[in-house]
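Below is one structure, written out as structure tokens, with a few remarks after it.
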Amino acid sequence: LVDDYIPDTDILAELVNFFSIFSDLTRLRILSALAISEMCVTDLSVMLKLNQTTTSHQLRLLRDLGAVKYRRQGKIIFYSLKNELINDILLKGVEYLGY
């Protein structure tokens with residue numbers, strides 16, 4: 001009976017990739033900031049006290065994992081959460097930890 005409800009390997013592999021979004025402190029900080037406001041790399045870097053290379057690298061990973069989207073305004077690229085469920089998951093994690 002239990003075997004009927006365990007997701008297949010492909011779904012489990014996607015879940016592993018999805019939860020990897022939350023497995024890095026820098027990515028969590030970026031996601032938390034983007035849950036509040038759309039931001040560009042420069043603003044994120046300054047606010048989080050990170051160099052732009054690190055910020056850009058993590059944003060690229062988050063984009064590849066489907067967590068953030070972007071829009072271009074002239075030469076500036078603005079990032080935001082692709083789906084508000086990302087913020088809900090962050091908040092559930094905080095709730096789970098009792099904060």
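Chain identifiers are assigned as A, B, and so on, following the order in which chains appear in the structure tokens; residues are numbered from 1 within each chain, and ligands are numbered from 1 in order of appearance.
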
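Within 10 Å of stretch 36-51 of chain A, once only C-alpha atoms are used and residues closer than 2 positions along the same chain are dropped, the contacting residues are Thr26, Arg29, Ile30, Leu31, Ser32, Ala33, Leu34, Thr53, Thr54, Thr55, Ser56, Leu59, Lys69, Tyr70, Arg71, Arg72, Ile76, Ile77, Phe78, Tyr79, Ser80, Leu81 and Asn87 of chain A.
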
Quiz prompt | Expected answer as a PyMOL selection string: helix (DSSP H, G or I) residues in chain A | solution = chain A and resi 2-4+9-20+25-36+41-48+52-64+85-97

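Counting from atom CA of A:Val68, the distance to atom CA of A:Asn83 is 7.6 Å.
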
For the contact check between stretch 68-95 of chain A and stretch 6-24 of chain A, emit one row per residue of stretch 68-95 of chain A within 12 Å, containing the shortest atom pair and the distance in Å rounded to one decimal, counting only C-alpha atoms, chain then rising number order, as a Markdown table.
```
| residue | atom | partner | partner_atom | distance |
| --- | --- | --- | --- | --- |
| A:Val68 | CA | A:Ile21 | CA | 10.4 |
| A:Ile86 | CA | A:Ile21 | CA | 9.5 |
| A:Asn87 | CA | A:Phe22 | CA | 11.0 |
| A:Ile89 | CA | A:Phe22 | CA | 9.4 |
| A:Leu90 | CA | A:Phe22 | CA | 8.3 |
| A:Leu91 | CA | A:Phe22 | CA | 12.0 |
| A:Gly93 | CA | A:Phe22 | CA | 9.9 |
```

Quick one: write out the picked residues with all heavy atoms as a short mmCIF file (atom, residue, chain, number, x, y, z; two decimals), in the first residue's frame?
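Contents of the output file out-v9.cif:
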```cif
data_model
loop_
_atom_site.label_atom_id
_atom_site.label_comp_id
_atom_site.auth_asym_id
_atom_site.auth_seq_id
_atom_site.Cartn_x
_atom_site.Cartn_y
_atom_site.Cartn_z
N VAL A 68 13.56 32.12 -9.59
CA VAL A 68 13.46 33.55 -9.86
C VAL A 68 13.25 33.79 -11.34
O VAL A 68 13.58 32.96 -12.19
CB VAL A 68 14.71 34.33 -9.37
CG1 VAL A 68 14.89 34.21 -7.87
CG2 VAL A 68 15.95 33.91 -10.09
N ILE A 86 7.41 30.18 -3.26
CA ILE A 86 8.78 30.16 -2.72
C ILE A 86 8.80 30.86 -1.37
O ILE A 86 9.36 30.37 -0.39
CB ILE A 86 9.78 30.83 -3.70
CG1 ILE A 86 9.86 30.06 -5.01
CG2 ILE A 86 11.15 30.98 -3.05
CD1 ILE A 86 10.54 28.72 -4.93
N ASN A 87 8.18 32.04 -1.30
CA ASN A 87 8.12 32.78 -0.04
C ASN A 87 7.31 32.00 1.00
O ASN A 87 7.68 31.96 2.17
CB ASN A 87 7.52 34.17 -0.25
CG ASN A 87 7.64 35.02 0.99
OD1 ASN A 87 8.66 35.03 1.66
ND2 ASN A 87 6.58 35.75 1.30
N ILE A 89 7.11 28.82 1.31
CA ILE A 89 7.96 27.74 1.81
C ILE A 89 8.99 28.28 2.80
O ILE A 89 9.25 27.67 3.84
CB ILE A 89 8.63 27.00 0.64
CG1 ILE A 89 7.56 26.25 -0.15
CG2 ILE A 89 9.72 26.05 1.11
CD1 ILE A 89 7.99 25.78 -1.50
N LEU A 90 9.57 29.44 2.49
CA LEU A 90 10.49 30.08 3.43
C LEU A 90 9.80 30.36 4.77
O LEU A 90 10.34 30.08 5.84
CB LEU A 90 11.04 31.39 2.86
CG LEU A 90 12.08 31.30 1.76
CD1 LEU A 90 12.33 32.68 1.16
CD2 LEU A 90 13.35 30.70 2.28
N LEU A 91 8.60 30.91 4.69
CA LEU A 91 7.87 31.24 5.91
C LEU A 91 7.48 29.99 6.69
O LEU A 91 7.53 29.99 7.93
CB LEU A 91 6.63 32.08 5.57
CG LEU A 91 6.91 33.48 5.04
CD1 LEU A 91 5.63 34.15 4.57
CD2 LEU A 91 7.61 34.33 6.09
N GLY A 93 9.21 27.26 6.75
CA GLY A 93 10.45 26.82 7.40
C GLY A 93 10.72 27.59 8.68
O GLY A 93 11.08 27.00 9.70
#
```

Quiz item: What is the atom CA of A:Arg63 to atom CA of A:Ala35 distance in Å?
Solution: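 A separation of 14.6 Å between them.
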
Practice problem: Determine the nearest neighbour of A:Lys82 from the options A:Leu62, A:Gln52, A:Asp3, A:Glu95, counting only C-alpha atoms. | Solution: A:Leu62
